[in-house]
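Note: the block below is start.cif and it holds mmCIF, N, CA, C and O atoms.
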data_protein
loop_
_atom_site.group_PDB
_atom_site.id
_atom_site.type_symbol
_atom_site.label_atom_id
_atom_site.label_comp_id
_atom_site.auth_asym_id
_atom_site.auth_seq_id
_atom_site.Cartn_x
_atom_site.Cartn_y
_atom_site.Cartn_z
ATOM 1 N N MET A 146 109.993 92.547 103.518
ATOM 2 C CA MET A 146 108.591 92.593 103.921
ATOM 3 C C MET A 146 108.216 91.226 104.486
ATOM 4 O O MET A 146 108.643 90.201 103.988
ATOM 5 N N SER A 147 107.399 91.239 105.511
ATOM 6 C CA SER A 147 106.958 90.002 106.148
ATOM 7 C C SER A 147 106.253 89.094 105.148
ATOM 8 O O SER A 147 105.540 89.554 104.265
ATOM 9 N N ASP A 148 106.451 87.793 105.313
ATOM 10 C CA ASP A 148 105.793 86.823 104.439
ATOM 11 C C ASP A 148 104.274 86.854 104.613
ATOM 12 O O ASP A 148 103.539 86.396 103.753
ATOM 13 N N ASP A 149 103.803 87.386 105.740
ATOM 14 C CA ASP A 149 102.373 87.432 106.015
ATOM 15 C C ASP A 149 101.664 88.555 105.246
ATOM 16 O O ASP A 149 100.443 88.588 105.201
ATOM 17 N N LEU A 150 102.418 89.469 104.676
ATOM 18 C CA LEU A 150 101.821 90.600 103.974
ATOM 19 C C LEU A 150 101.724 90.310 102.481
ATOM 20 O O LEU A 150 102.642 89.771 101.874
ATOM 21 N N ASP A 151 100.600 90.701 101.907
ATOM 22 C CA ASP A 151 100.303 90.478 100.499
ATOM 23 C C ASP A 151 100.763 91.691 99.695
ATOM 24 O O ASP A 151 100.238 92.792 99.874
ATOM 25 N N ARG A 152 101.705 91.497 98.824
ATOM 26 C CA ARG A 152 102.252 92.607 98.038
ATOM 27 C C ARG A 152 101.277 93.151 96.998
ATOM 28 O O ARG A 152 101.528 94.179 96.394
ATOM 29 N N THR A 153 100.167 92.461 96.783
ATOM 30 C CA THR A 153 99.208 92.939 95.790
ATOM 31 C C THR A 153 98.165 93.873 96.407
ATOM 32 O O THR A 153 97.318 94.397 95.689
ATOM 33 N N ARG A 154 98.206 94.060 97.711
ATOM 34 C CA ARG A 154 97.266 94.959 98.409
ATOM 35 C C ARG A 154 98.054 96.029 99.147
ATOM 36 O O ARG A 154 99.225 95.830 99.467
ATOM 37 N N ALA A 155 97.411 97.141 99.447
ATOM 38 C CA ALA A 155 98.074 98.236 100.158
ATOM 39 C C ALA A 155 98.617 97.732 101.493
ATOM 40 O O ALA A 155 97.865 97.270 102.345
ATOM 41 N N VAL A 156 99.928 97.823 101.659
ATOM 42 C CA VAL A 156 100.569 97.276 102.854
ATOM 43 C C VAL A 156 100.127 98.031 104.105
ATOM 44 O O VAL A 156 99.890 97.423 105.151
ATOM 45 N N TRP A 157 99.969 99.342 104.025
ATOM 46 C CA TRP A 157 99.589 100.097 105.220
ATOM 47 C C TRP A 157 98.229 99.649 105.736
ATOM 48 O O TRP A 157 97.995 99.605 106.944
ATOM 49 N N ARG A 158 97.313 99.289 104.823
ATOM 50 C CA ARG A 158 95.997 98.798 105.258
ATOM 51 C C ARG A 158 96.126 97.444 105.962
ATOM 52 O O ARG A 158 95.427 97.164 106.928
ATOM 53 N N GLN A 159 97.020 96.608 105.458
ATOM 54 C CA GLN A 159 97.252 95.316 106.092
ATOM 55 C C GLN A 159 97.855 95.492 107.489
ATOM 56 O O GLN A 159 97.470 94.790 108.435
ATOM 57 N N VAL A 160 98.764 96.432 107.614
ATOM 58 C CA VAL A 160 99.363 96.718 108.921
ATOM 59 C C VAL A 160 98.286 97.223 109.881
ATOM 60 O O VAL A 160 98.217 96.794 111.035
ATOM 61 N N ALA A 161 97.415 98.099 109.409
ATOM 62 C CA ALA A 161 96.317 98.597 110.236
ATOM 63 C C ALA A 161 95.441 97.440 110.697
ATOM 64 O O ALA A 161 95.048 97.370 111.872
ATOM 65 N N GLN A 162 95.156 96.493 109.809
ATOM 66 C CA GLN A 162 94.334 95.338 110.176
ATOM 67 C C GLN A 162 95.039 94.440 111.193
ATOM 68 O O GLN A 162 94.391 93.875 112.077
ATOM 69 N N ILE A 163 96.333 94.320 111.095
ATOM 70 C CA ILE A 163 97.099 93.542 112.076
ATOM 71 C C ILE A 163 96.957 94.179 113.453
ATOM 72 O O ILE A 163 96.690 93.496 114.450
ATOM 73 N N VAL A 164 97.115 95.500 113.517
ATOM 74 C CA VAL A 164 97.008 96.199 114.804
ATOM 75 C C VAL A 164 95.583 96.092 115.350
ATOM 76 O O VAL A 164 95.381 95.818 116.535
ATOM 77 N N ILE A 165 94.581 96.259 114.492
ATOM 78 C CA ILE A 165 93.186 96.108 114.927
ATOM 79 C C ILE A 165 92.957 94.699 115.472
ATOM 80 O O ILE A 165 92.326 94.525 116.518
ATOM 81 N N GLY A 166 93.488 93.711 114.796
ATOM 82 C CA GLY A 166 93.363 92.332 115.266
ATOM 83 C C GLY A 166 93.980 92.146 116.638
ATOM 84 O O GLY A 166 93.417 91.462 117.509
ATOM 85 N N ARG A 167 95.111 92.773 116.863
ATOM 86 C CA ARG A 167 95.781 92.671 118.163
ATOM 87 C C ARG A 167 95.004 93.410 119.252
ATOM 88 O O ARG A 167 95.011 92.982 120.408
ATOM 89 N N ILE A 168 94.345 94.494 118.881
ATOM 90 C CA ILE A 168 93.489 95.199 119.841
ATOM 91 C C ILE A 168 92.313 94.297 120.210
ATOM 92 O O ILE A 168 91.988 94.113 121.384
ATOM 93 N N LYS A 169 91.695 93.705 119.210
ATOM 94 C CA LYS A 169 90.514 92.860 119.438
ATOM 95 C C LYS A 169 90.833 91.587 120.216
ATOM 96 O O LYS A 169 90.021 91.130 121.009
ATOM 97 N N ASP A 170 92.025 91.008 119.983
ATOM 98 C CA ASP A 170 92.350 89.759 120.694
ATOM 99 C C ASP A 170 93.001 90.000 122.053
ATOM 100 O O ASP A 170 93.352 89.057 122.752
ATOM 101 N N GLY A 171 93.163 91.276 122.424
ATOM 102 C CA GLY A 171 93.686 91.588 123.747
ATOM 103 C C GLY A 171 95.192 91.704 123.833
ATOM 104 O O GLY A 171 95.735 91.982 124.899
ATOM 105 N N THR A 172 95.888 91.513 122.714
ATOM 106 C CA THR A 172 97.337 91.698 122.724
ATOM 107 C C THR A 172 97.668 93.137 123.113
ATOM 108 O O THR A 172 98.613 93.380 123.864
ATOM 109 N N TYR A 173 96.879 94.077 122.588
ATOM 110 C CA TYR A 173 96.998 95.484 122.954
ATOM 111 C C TYR A 173 95.682 95.884 123.617
ATOM 112 O O TYR A 173 94.753 96.338 122.950
ATOM 113 N N PRO A 174 95.559 95.724 124.931
ATOM 114 C CA PRO A 174 94.303 96.075 125.604
ATOM 115 C C PRO A 174 94.116 97.588 125.692
ATOM 116 O O PRO A 174 95.075 98.353 125.522
ATOM 117 N N PRO A 175 92.883 98.039 125.965
ATOM 118 C CA PRO A 175 92.637 99.479 126.122
ATOM 119 C C PRO A 175 93.615 100.095 127.120
ATOM 120 O O PRO A 175 93.916 99.516 128.165
ATOM 121 N N GLY A 176 94.145 101.252 126.736
ATOM 122 C CA GLY A 176 95.079 101.978 127.584
ATOM 123 C C GLY A 176 96.528 101.573 127.418
ATOM 124 O O GLY A 176 97.425 102.254 127.907
ATOM 125 N N SER A 177 96.778 100.479 126.703
ATOM 126 C CA SER A 177 98.161 100.011 126.551
ATOM 127 C C SER A 177 98.858 100.750 125.413
ATOM 128 O O SER A 177 98.237 101.236 124.478
ATOM 129 N N ARG A 178 100.170 100.797 125.531
ATOM 130 C CA ARG A 178 100.984 101.415 124.492
ATOM 131 C C ARG A 178 101.150 100.413 123.356
ATOM 132 O O ARG A 178 101.382 99.235 123.591
ATOM 133 N N VAL A 179 101.020 100.898 122.128
ATOM 134 C CA VAL A 179 101.270 100.055 120.955
ATOM 135 C C VAL A 179 102.672 100.359 120.444
ATOM 136 O O VAL A 179 103.226 101.433 120.712
ATOM 137 N N PRO A 180 103.275 99.428 119.719
ATOM 138 C CA PRO A 180 104.605 99.689 119.171
ATOM 139 C C PRO A 180 104.587 100.951 118.301
ATOM 140 O O PRO A 180 103.603 101.229 117.609
ATOM 141 N N GLY A 181 105.677 101.673 118.347
ATOM 142 C CA GLY A 181 105.800 102.875 117.546
ATOM 143 C C GLY A 181 106.101 102.556 116.092
ATOM 144 O O GLY A 181 106.227 101.390 115.695
ATOM 145 N N THR A 182 106.227 103.593 115.324
ATOM 146 C CA THR A 182 106.476 103.485 113.892
ATOM 147 C C THR A 182 107.684 102.598 113.582
ATOM 148 O O THR A 182 107.597 101.675 112.775
ATOM 149 N N LEU A 183 108.802 102.880 114.225
ATOM 150 C CA LEU A 183 110.023 102.118 113.938
ATOM 151 C C LEU A 183 109.923 100.679 114.435
ATOM 152 O O LEU A 183 110.402 99.762 113.772
ATOM 153 N N GLU A 184 109.283 100.485 115.587
ATOM 154 C CA GLU A 184 109.119 99.125 116.118
ATOM 155 C C GLU A 184 108.281 98.264 115.168
ATOM 156 O O GLU A 184 108.637 97.119 114.879
ATOM 157 N N LEU A 185 107.162 98.818 114.703
ATOM 158 C CA LEU A 185 106.304 98.079 113.765
ATOM 159 C C LEU A 185 107.042 97.810 112.453
ATOM 160 O O LEU A 185 106.955 96.709 111.902
ATOM 161 N N ALA A 186 107.745 98.816 111.974
ATOM 162 C CA ALA A 186 108.473 98.662 110.714
ATOM 163 C C ALA A 186 109.504 97.541 110.824
ATOM 164 O O ALA A 186 109.613 96.694 109.930
ATOM 165 N N THR A 187 110.226 97.507 111.931
ATOM 166 C CA THR A 187 111.237 96.471 112.136
ATOM 167 C C THR A 187 110.588 95.098 112.266
ATOM 168 O O THR A 187 111.020 94.130 111.643
ATOM 169 N N GLU A 188 109.534 95.016 113.074
ATOM 170 C CA GLU A 188 108.848 93.740 113.287
ATOM 171 C C GLU A 188 108.303 93.152 111.989
ATOM 172 O O GLU A 188 108.414 91.953 111.739
ATOM 173 N N LEU A 189 107.697 94.006 111.162
ATOM 174 C CA LEU A 189 107.029 93.532 109.956
ATOM 175 C C LEU A 189 107.889 93.598 108.696
ATOM 176 O O LEU A 189 107.463 93.164 107.631
ATOM 177 N N GLY A 190 109.065 94.185 108.820
ATOM 178 C CA GLY A 190 109.956 94.276 107.666
ATOM 179 C C GLY A 190 109.445 95.216 106.596
ATOM 180 O O GLY A 190 109.506 94.905 105.403
ATOM 181 N N ILE A 191 108.906 96.359 107.034
ATOM 182 C CA ILE A 191 108.345 97.349 106.105
ATOM 183 C C ILE A 191 109.020 98.694 106.325
ATOM 184 O O ILE A 191 109.761 98.881 107.285
ATOM 185 N N ALA A 192 108.730 99.637 105.444
ATOM 186 C CA ALA A 192 109.261 100.986 105.596
ATOM 187 C C ALA A 192 108.558 101.696 106.755
ATOM 188 O O ALA A 192 107.370 101.471 107.003
ATOM 189 N N SER A 193 109.301 102.534 107.466
ATOM 190 C CA SER A 193 108.700 103.254 108.589
ATOM 191 C C SER A 193 107.575 104.179 108.129
ATOM 192 O O SER A 193 106.610 104.396 108.862
ATOM 193 N N SER A 194 107.658 104.673 106.904
ATOM 194 C CA SER A 194 106.585 105.532 106.393
ATOM 195 C C SER A 194 105.281 104.737 106.241
ATOM 196 O O SER A 194 104.191 105.284 106.409
ATOM 197 N N THR A 195 105.397 103.448 105.958
ATOM 198 C CA THR A 195 104.214 102.598 105.830
ATOM 199 C C THR A 195 103.555 102.394 107.188
ATOM 200 O O THR A 195 102.340 102.518 107.328
ATOM 201 N N SER A 196 104.355 102.103 108.210
ATOM 202 C CA SER A 196 103.782 101.917 109.545
ATOM 203 C C SER A 196 103.242 103.241 110.076
ATOM 204 O O SER A 196 102.212 103.267 110.751
ATOM 205 N N GLN A 197 103.892 104.348 109.728
ATOM 206 C CA GLN A 197 103.409 105.664 110.150
ATOM 207 C C GLN A 197 102.025 105.938 109.546
ATOM 208 O O GLN A 197 101.125 106.426 110.232
ATOM 209 N N LYS A 198 101.842 105.587 108.295
ATOM 210 C CA LYS A 198 100.549 105.789 107.630
ATOM 211 C C LYS A 198 99.469 104.934 108.284
ATOM 212 O O LYS A 198 98.343 105.394 108.498
ATOM 213 N N ALA A 199 99.803 103.693 108.634
ATOM 214 C CA ALA A 199 98.835 102.802 109.291
ATOM 215 C C ALA A 199 98.437 103.346 110.657
ATOM 216 O O ALA A 199 97.245 103.372 111.000
ATOM 217 N N LEU A 200 99.405 103.797 111.445
ATOM 218 C CA LEU A 200 99.093 104.324 112.780
ATOM 219 C C LEU A 200 98.287 105.617 112.688
ATOM 220 O O LEU A 200 97.368 105.834 113.491
ATOM 221 N N ALA A 201 98.597 106.463 111.720
ATOM 222 C CA ALA A 201 97.825 107.700 111.529
ATOM 223 C C ALA A 201 96.369 107.370 111.190
ATOM 224 O O ALA A 201 95.438 107.996 111.716
ATOM 225 N N TYR A 202 96.168 106.384 110.344
ATOM 226 C CA TYR A 202 94.823 105.946 109.987
ATOM 227 C C TYR A 202 94.079 105.457 111.231
ATOM 228 O O TYR A 202 92.911 105.801 111.441
ATOM 229 N N LEU A 203 94.736 104.657 112.050
ATOM 230 C CA LEU A 203 94.095 104.111 113.251
ATOM 231 C C LEU A 203 93.760 105.205 114.268
ATOM 232 O O LEU A 203 92.764 105.102 114.981
ATOM 233 N N ARG A 204 94.560 106.260 114.301
ATOM 234 C CA ARG A 204 94.216 107.406 115.169
ATOM 235 C C ARG A 204 92.972 108.103 114.620
ATOM 236 O O ARG A 204 92.054 108.425 115.374
ATOM 237 N N ARG A 205 92.931 108.322 113.323
ATOM 238 C CA ARG A 205 91.765 108.981 112.713
ATOM 239 C C ARG A 205 90.494 108.161 112.898
ATOM 240 O O ARG A 205 89.410 108.716 113.066
ATOM 241 N N GLU A 206 90.615 106.844 112.845
ATOM 242 C CA GLU A 206 89.452 105.962 112.967
ATOM 243 C C GLU A 206 89.028 105.720 114.413
ATOM 244 O O GLU A 206 88.030 105.046 114.663
ATOM 245 N N GLY A 207 89.781 106.258 115.363
ATOM 246 C CA GLY A 207 89.383 106.170 116.762
ATOM 247 C C GLY A 207 89.878 104.958 117.524
ATOM 248 O O GLY A 207 89.402 104.688 118.630
ATOM 249 N N TYR A 208 90.848 104.227 116.993
ATOM 250 C CA TYR A 208 91.415 103.079 117.696
ATOM 251 C C TYR A 208 92.550 103.483 118.629
ATOM 252 O O TYR A 208 92.754 102.866 119.669
ATOM 253 N N LEU A 209 93.304 104.490 118.222
ATOM 254 C CA LEU A 209 94.496 104.896 118.953
ATOM 255 C C LEU A 209 94.473 106.378 119.275
ATOM 256 O O LEU A 209 93.782 107.149 118.615
ATOM 257 N N ARG A 210 95.254 106.731 120.286
ATOM 258 C CA ARG A 210 95.474 108.143 120.607
ATOM 259 C C ARG A 210 96.968 108.332 120.828
ATOM 260 O O ARG A 210 97.638 107.445 121.347
ATOM 261 N N GLY A 211 97.473 109.454 120.376
ATOM 262 C CA GLY A 211 98.889 109.742 120.543
ATOM 263 C C GLY A 211 99.112 110.741 121.658
ATOM 264 O O GLY A 211 98.290 111.636 121.874
ATOM 265 N N GLU A 212 100.214 110.559 122.388
ATOM 266 C CA GLU A 212 100.614 111.515 123.411
ATOM 267 C C GLU A 212 102.033 111.941 123.073
ATOM 268 O O GLU A 212 102.948 111.113 123.097
ATOM 269 N N ALA A 213 102.182 113.217 122.752
ATOM 270 C CA ALA A 213 103.469 113.741 122.310
ATOM 271 C C ALA A 213 104.583 113.400 123.295
ATOM 272 O O ALA A 213 104.453 113.624 124.498
ATOM 273 N N GLY A 214 105.636 112.821 122.767
ATOM 274 C CA GLY A 214 106.795 112.497 123.567
ATOM 275 C C GLY A 214 106.651 111.245 124.422
ATOM 276 O O GLY A 214 107.595 110.842 125.093
ATOM 277 N N ILE A 215 105.472 110.630 124.418
ATOM 278 C CA ILE A 215 105.254 109.443 125.246
ATOM 279 C C ILE A 215 105.008 108.207 124.391
ATOM 280 O O ILE A 215 105.598 107.164 124.604
ATOM 281 N N GLY A 216 104.085 108.313 123.430
ATOM 282 C CA GLY A 216 103.797 107.170 122.576
ATOM 283 C C GLY A 216 102.376 107.170 122.075
ATOM 284 O O GLY A 216 101.635 108.143 122.206
ATOM 285 N N THR A 217 101.986 106.038 121.514
ATOM 286 C CA THR A 217 100.651 105.847 120.970
ATOM 287 C C THR A 217 99.976 104.752 121.778
ATOM 288 O O THR A 217 100.575 103.712 122.049
ATOM 289 N N PHE A 218 98.709 104.993 122.147
ATOM 290 C CA PHE A 218 97.997 104.112 123.042
ATOM 291 C C PHE A 218 96.637 103.730 122.470
ATOM 292 O O PHE A 218 96.030 104.495 121.731
ATOM 293 N N VAL A 219 96.152 102.546 122.871
ATOM 294 C CA VAL A 219 94.804 102.115 122.513
ATOM 295 C C VAL A 219 93.826 102.960 123.324
ATOM 296 O O VAL A 219 94.019 103.162 124.518
ATOM 297 N N VAL A 220 92.786 103.463 122.667
ATOM 298 C CA VAL A 220 91.773 104.249 123.375
ATOM 299 C C VAL A 220 91.025 103.358 124.361
ATOM 300 O O VAL A 220 91.039 102.122 124.249
ATOM 301 N N ASP A 221 90.356 103.970 125.337
ATOM 302 C CA ASP A 221 89.644 103.195 126.357
ATOM 303 C C ASP A 221 88.507 102.365 125.778
ATOM 304 O O ASP A 221 88.219 101.277 126.271
ATOM 305 N N HIS A 222 87.851 102.890 124.751
ATOM 306 C CA HIS A 222 86.728 102.179 124.128
ATOM 307 C C HIS A 222 86.913 102.180 122.620
ATOM 308 O O HIS A 222 86.291 102.982 121.918
ATOM 309 N N PRO A 223 87.746 101.242 122.095
ATOM 310 C CA PRO A 223 87.968 101.215 120.639
ATOM 311 C C PRO A 223 86.697 100.830 119.892
ATOM 312 O O PRO A 223 85.803 100.181 120.456
ATOM 313 N N PRO A 224 86.580 101.271 118.649
ATOM 314 C CA PRO A 224 85.402 100.917 117.832
ATOM 315 C C PRO A 224 85.230 99.409 117.737
ATOM 316 O O PRO A 224 86.203 98.656 117.776
ATOM 317 N N THR A 225 83.995 98.985 117.590
ATOM 318 C CA THR A 225 83.715 97.569 117.373
ATOM 319 C C THR A 225 83.015 97.427 116.022
ATOM 320 O O THR A 225 82.297 98.321 115.582
ATOM 321 N N ASP A 226 83.256 96.317 115.377
ATOM 322 C CA ASP A 226 82.634 96.086 114.056
ATOM 323 C C ASP A 226 81.326 95.375 114.200
ATOM 324 O O ASP A 226 81.078 94.614 115.049
#

Whole structure given in structure tokens:
Amino acid sequence: MSDDLDRTRAVWRQVAQIVIGRIKDGTYPPGSRVPGTLELATELGIASSTSQKALAYLRREGYLRGEAGIGTFVVDHPPTD
């Protein structure tokens, strides 16, 4: 597991916050493809099921949209806090 992740908190929530941060700072601009489940898992040193849960949450919350067989993308107008 990445040294940046806190083992005392739900890891999938931390991964979701990392992706949200990248959306907000422009690393993943609207319309861009975000790393898939396996890519995130490898990058962060976590289980693929954990990254899958984080991405599913972000789709439900309106940050991402999935396109079958193509990938997961940032929506055109992601939520703002």

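The spacing separating CA of Pro224 (chain A) from CA of Tyr208 (chain A) amounts to 6.4 Å.
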
Query raised in the report: Care to translate the PyMOL selection byres ((chain A and resi 183-199) around 6) into actual residues of this file, as an MDAnalysis selection string?
Result: chainID A and resid 146:148 156:158 160:161 180:182 200:204

Query raised in the report: In Å, with one decimal, what is the gap from atom O of Ile215 (chain A) to atom N of Asp151 (chain A)?
Result: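 Interatomic distance, atom O of Ile215 (chain A) to atom N of Asp151 (chain A): 28.5 Å.
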
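Computed from the coordinates, the atom O of Pro223 (chain A) to CA of Gly207 (chain A) distance equals 7.9 Å.
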
Query raised in the report: Could you spell out the hits of the PyMOL selection byres ((chain A and resi 178) around 5) on the shown file, as a list in words?
Result: Gly176, Ser177, Val179, Pro180, Thr217 and Phe218 of chain A

**Report entry** For Ile168 (chain A): contacts at 10 Å, only C-alpha atoms, fewer than 4 positions along chain excluded, given as a VMD selection string
**Finding:** chain A and resid 162 to 164 172 to 175 177 179 208 to 209 219 to 220 223

Report task. Extract the full set of alpha helix (DSSP H) residues from chain A according to DSSP on the backbone, and format it as a PyMOL selection string. Result -> chain A and resi 156-169+182-189+193-205

Taking the chain letters and numbering used in this document, name the residues of chain A that DSSP puts in strand (DSSP E), as a PDB file with N, CA, C and O atoms, in the coordinates of the input.
ATOM      1  N   ARG A 178     100.170 100.797 125.531  1.00  0.00           N
ATOM      2  CA  ARG A 178     100.984 101.415 124.492  1.00  0.00           C
ATOM      3  C   ARG A 178     101.150 100.413 123.356  1.00  0.00           C
ATOM      4  O   ARG A 178     101.382  99.235 123.591  1.00  0.00           O
ATOM      5  N   VAL A 179     101.020 100.898 122.128  1.00  0.00           N
ATOM      6  CA  VAL A 179     101.270 100.055 120.955  1.00  0.00           C
ATOM      7  C   VAL A 179     102.672 100.359 120.444  1.00  0.00           C
ATOM      8  O   VAL A 179     103.226 101.433 120.712  1.00  0.00           O
ATOM      9  N   LEU A 209      93.304 104.490 118.222  1.00  0.00           N
ATOM     10  CA  LEU A 209      94.496 104.896 118.953  1.00  0.00           C
ATOM     11  C   LEU A 209      94.473 106.378 119.275  1.00  0.00           C
ATOM     12  O   LEU A 209      93.782 107.149 118.615  1.00  0.00           O
ATOM     13  N   ARG A 210      95.254 106.731 120.286  1.00  0.00           N
ATOM     14  CA  ARG A 210      95.474 108.143 120.607  1.00  0.00           C
ATOM     15  C   ARG A 210      96.968 108.332 120.828  1.00  0.00           C
ATOM     16  O   ARG A 210      97.638 107.445 121.347  1.00  0.00           O
ATOM     17  N   GLY A 211      97.473 109.454 120.376  1.00  0.00           N
ATOM     18  CA  GLY A 211      98.889 109.742 120.543  1.00  0.00           C
ATOM     19  C   GLY A 211      99.112 110.741 121.658  1.00  0.00           C
ATOM     20  O   GLY A 211      98.290 111.636 121.874  1.00  0.00           O
ATOM     21  N   GLU A 212     100.214 110.559 122.388  1.00  0.00           N
ATOM     22  CA  GLU A 212     100.614 111.515 123.411  1.00  0.00           C
ATOM     23  C   GLU A 212     102.033 111.941 123.073  1.00  0.00           C
ATOM     24  O   GLU A 212     102.948 111.113 123.097  1.00  0.00           O
ATOM     25  N   GLY A 216     104.085 108.313 123.430  1.00  0.00           N
ATOM     26  CA  GLY A 216     103.797 107.170 122.576  1.00  0.00           C
ATOM     27  C   GLY A 216     102.376 107.170 122.075  1.00  0.00           C
ATOM     28  O   GLY A 216     101.635 108.143 122.206  1.00  0.00           O
ATOM     29  N   THR A 217     101.986 106.038 121.514  1.00  0.00           N
ATOM     30  CA  THR A 217     100.651 105.847 120.970  1.00  0.00           C
ATOM     31  C   THR A 217      99.976 104.752 121.778  1.00  0.00           C
ATOM     32  O   THR A 217     100.575 103.712 122.049  1.00  0.00           O
ATOM     33  N   PHE A 218      98.709 104.993 122.147  1.00  0.00           N
ATOM     34  CA  PHE A 218      97.997 104.112 123.042  1.00  0.00           C
ATOM     35  C   PHE A 218      96.637 103.730 122.470  1.00  0.00           C
ATOM     36  O   PHE A 218      96.030 104.495 121.731  1.00  0.00           O
ATOM     37  N   VAL A 219      96.152 102.546 122.871  1.00  0.00           N
ATOM     38  CA  VAL A 219      94.804 102.115 122.513  1.00  0.00           C
ATOM     39  C   VAL A 219      93.826 102.960 123.324  1.00  0.00           C
ATOM     40  O   VAL A 219      94.019 103.162 124.518  1.00  0.00           O
TER      41      VAL A 219
END

Where is the centre and how long are the edges: axis-aligned box on region 167-176 of chain A, 3 Å on each side, Å to one decimal, as JSON:
{"center_x": 94.3, "center_y": 95.7, "center_z": 122.5, "size_x": 14.6, "size_y": 19.2, "size_z": 17.3}

If I only have part of region 198-204 of chain A, can you fill in all heavy atoms and write it as a tab-separated table (two decimals), in the frame of the given file?
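Written out: result_32.tsv:
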chain	number	residue	atom	x	y	z
A	198	LYS	N	101.84	105.59	108.30
A	198	LYS	CA	100.55	105.79	107.63
A	198	LYS	C	99.47	104.93	108.28
A	198	LYS	O	98.34	105.39	108.50
A	198	LYS	CB	100.68	105.45	106.14
A	198	LYS	CG	99.47	105.80	105.33
A	198	LYS	CD	99.74	105.63	103.84
A	198	LYS	CE	98.55	106.06	103.02
A	198	LYS	NZ	98.82	105.99	101.58
A	199	ALA	N	99.80	103.69	108.63
A	199	ALA	CA	98.84	102.80	109.29
A	199	ALA	C	98.44	103.35	110.66
A	199	ALA	O	97.24	103.37	111.00
A	199	ALA	CB	99.42	101.40	109.42
A	200	LEU	N	99.40	103.80	111.44
A	200	LEU	CA	99.09	104.32	112.78
A	200	LEU	C	98.29	105.62	112.69
A	200	LEU	O	97.37	105.83	113.49
A	200	LEU	CB	100.38	104.53	113.58
A	200	LEU	CG	101.14	103.26	113.96
A	200	LEU	CD1	102.42	103.61	114.72
A	200	LEU	CD2	100.28	102.30	114.77
A	201	ALA	N	98.60	106.46	111.72
A	201	ALA	CA	97.82	107.70	111.53
A	201	ALA	C	96.37	107.37	111.19
A	201	ALA	O	95.44	108.00	111.72
A	201	ALA	CB	98.46	108.55	110.43
A	202	TYR	N	96.17	106.38	110.34
A	202	TYR	CA	94.82	105.95	109.99
A	202	TYR	C	94.08	105.46	111.23
A	202	TYR	O	92.91	105.80	111.44
A	202	TYR	CB	94.91	104.84	108.93
A	202	TYR	CG	93.62	104.12	108.68
A	202	TYR	CD1	92.62	104.69	107.89
A	202	TYR	CD2	93.37	102.88	109.24
A	202	TYR	CE1	91.42	104.03	107.67
A	202	TYR	CE2	92.18	102.21	109.01
A	202	TYR	CZ	91.21	102.80	108.23
A	202	TYR	OH	90.01	102.15	108.02
A	203	LEU	N	94.74	104.66	112.05
A	203	LEU	CA	94.10	104.11	113.25
A	203	LEU	C	93.76	105.20	114.27
A	203	LEU	O	92.76	105.10	114.98
A	203	LEU	CB	94.97	103.03	113.87
A	203	LEU	CG	95.10	101.76	113.02
A	203	LEU	CD1	96.14	100.83	113.59
A	203	LEU	CD2	93.76	101.07	112.87
A	204	ARG	N	94.56	106.26	114.30
A	204	ARG	CA	94.22	107.41	115.17
A	204	ARG	C	92.97	108.10	114.62
A	204	ARG	O	92.05	108.42	115.37
A	204	ARG	CB	95.39	108.38	115.28
A	204	ARG	CG	96.49	107.89	116.21
A	204	ARG	CD	97.51	108.97	116.53
A	204	ARG	NE	98.26	109.41	115.37
A	204	ARG	CZ	99.35	108.79	114.92
A	204	ARG	NH1	99.83	107.73	115.52
A	204	ARG	NH2	99.97	109.25	113.86
